[in-house]
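J.: What follows is a single structure, and I will ask about it in a moment.
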Amino acid sequence: MEYASVLAGERWSDHPKCTHPLLAGVARGVNDQISDTRRAGLVHLVPSVIGISGDDPRIDMAIAVRCAVTALPVAAEFRQRALAAGLLAALRVISEFEQKPVSPFPPDLTDEIERALELTPHPAKWAENFVTGVPMSTKVFKRRSAPIIVHVAVEGIAQACIEDPDGLLENLLAVVIADCVAIIDTESRSGEIAMIETAVG
């Protein structure tokens with residue numbers, strides 16, 4: 001993220017304005033958790049995070065959900081519980097977007113939430129009991145839940161007993177970037193269509 005700040009012409013910082021805060025959090029987490037030998041391989045992704053920003057809460061939700069569904073099948077059980085609870089919270093706030101003309105997530109993510117929970121039935125059951133009665137809103141999810149989910153997911157992947165945690169971390173960052181781009185592009189296209197319809201009308 002410090003390299004991104006330089007490329008973007010900002011002051012030296014690992015919290016550059018050119019990148020969405022939660023995406024920057026994923027990037028910092030992956031950079032910190034990946035092995036020294038693989039860290040240099042992240043450099044090619046740096047330009048991709050520049051210019052990805054905005055206040056659309058769908059960005060925060062998509063980032064958090066992508067991190068959770070990626071980490072849930074491989075993380076230790078105590079982290080699986082936290083991740084499953086985060087996914088259930090995400091499902092509860094999706095309804096706030098149902099009346100909007102665009103999907104709240106990239107199309108595959110809603111299916112992946114269900115799939116990830118089905119693969120981990122015991123943590124999912126625990127999480128269901130845990131979140132019952134707990135109030136949740138898009139604002140709360142964005143401010144509190146999403147950053148926690150990202151932290152637990154990245155750490156969970158890094159410490160997972162799998163063959164190539166570094167590869168999964170790098171792939172996670174790349175896919176999260178792609179998800180953010182898809183949402184921003186969809187938002188831009190929706191805005192352009194609205195402007196055209198207004199002009200034609």
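Labeling convention for the structure tokens: chains A, B, ... as they appear, residues from 1 per chain, ligands from 1 in order of appearance.
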With a distance cut-off of 7 Å and only C-alpha atoms, select the neighbouring residues of range 145-148 of chain A, excluding the residue or stretch itself and same-chain residues fewer than 6 positions from it, and output the selection as a list of chain:residue names.

T.: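 After dropping sequence-adjacent residues, the list is A:Leu22, A:Asp60, A:Met61, A:Ala64, A:Gly86.
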
J.: Keeping N, CA and C atoms, export the residues of the selection given above as a tab-separated table (two decimals), in the first residue's frame.

T.:
chain	number	residue	atom	x	y	z
A	22	LEU	N	-11.10	-0.82	3.27
A	22	LEU	CA	-11.15	-2.25	3.57
A	22	LEU	C	-10.31	-3.05	2.59
A	60	ASP	N	-17.70	-2.93	0.74
A	60	ASP	CA	-17.29	-3.51	2.03
A	60	ASP	C	-17.88	-4.90	2.21
A	61	MET	N	-19.15	-5.05	1.84
A	61	MET	CA	-19.80	-6.35	2.01
A	61	MET	C	-19.17	-7.41	1.11
A	64	ALA	N	-15.66	-8.39	2.48
A	64	ALA	CA	-15.76	-9.24	3.67
A	64	ALA	C	-16.26	-10.63	3.34
A	86	GLY	N	-20.09	-14.01	10.60
A	86	GLY	CA	-20.00	-12.87	9.69
A	86	GLY	C	-20.80	-13.08	8.42

J.: Pick out the residues sitting within 7 Å of Met1 in chain A, and hand them over as a compact mmCIF listing (two decimals) with C-alpha atoms, in the first residue's frame; count only C-alpha atoms, and ignore anything fewer than 4 positions along from it in its own chain.

T.:
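Result saved to selection.txt:
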# COMPACT_ATOMS: atom_id res chain seq x y z
CA SER A 5 0.53 5.69 -2.45
CA ASP A 14 0.03 2.51 3.94
CA HIS A 15 -3.48 4.05 4.12
CA PRO A 16 -3.61 5.89 0.78
CA ALA A 24 -6.26 -1.67 1.69
CA ARG A 28 -1.85 -5.02 4.23

J.: Which residues, written as a VMD selection string, have at least one atom at most 12 Å from range 113-130 of chain A, with only C-alpha atoms counted and residues fewer than 2 positions away on the same chain left out?

T.: chain A and resid 61 to 62 64 to 92 94 105 to 111 132 to 135

J.: Between A:Ile63, A:Val150, A:Leu169, A:Ile52, single out the one closest to Ile34 in chain A, counting only C-alpha atoms.

T.: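 Selected residue with least distance to Ile34 in chain A: A:Leu169.
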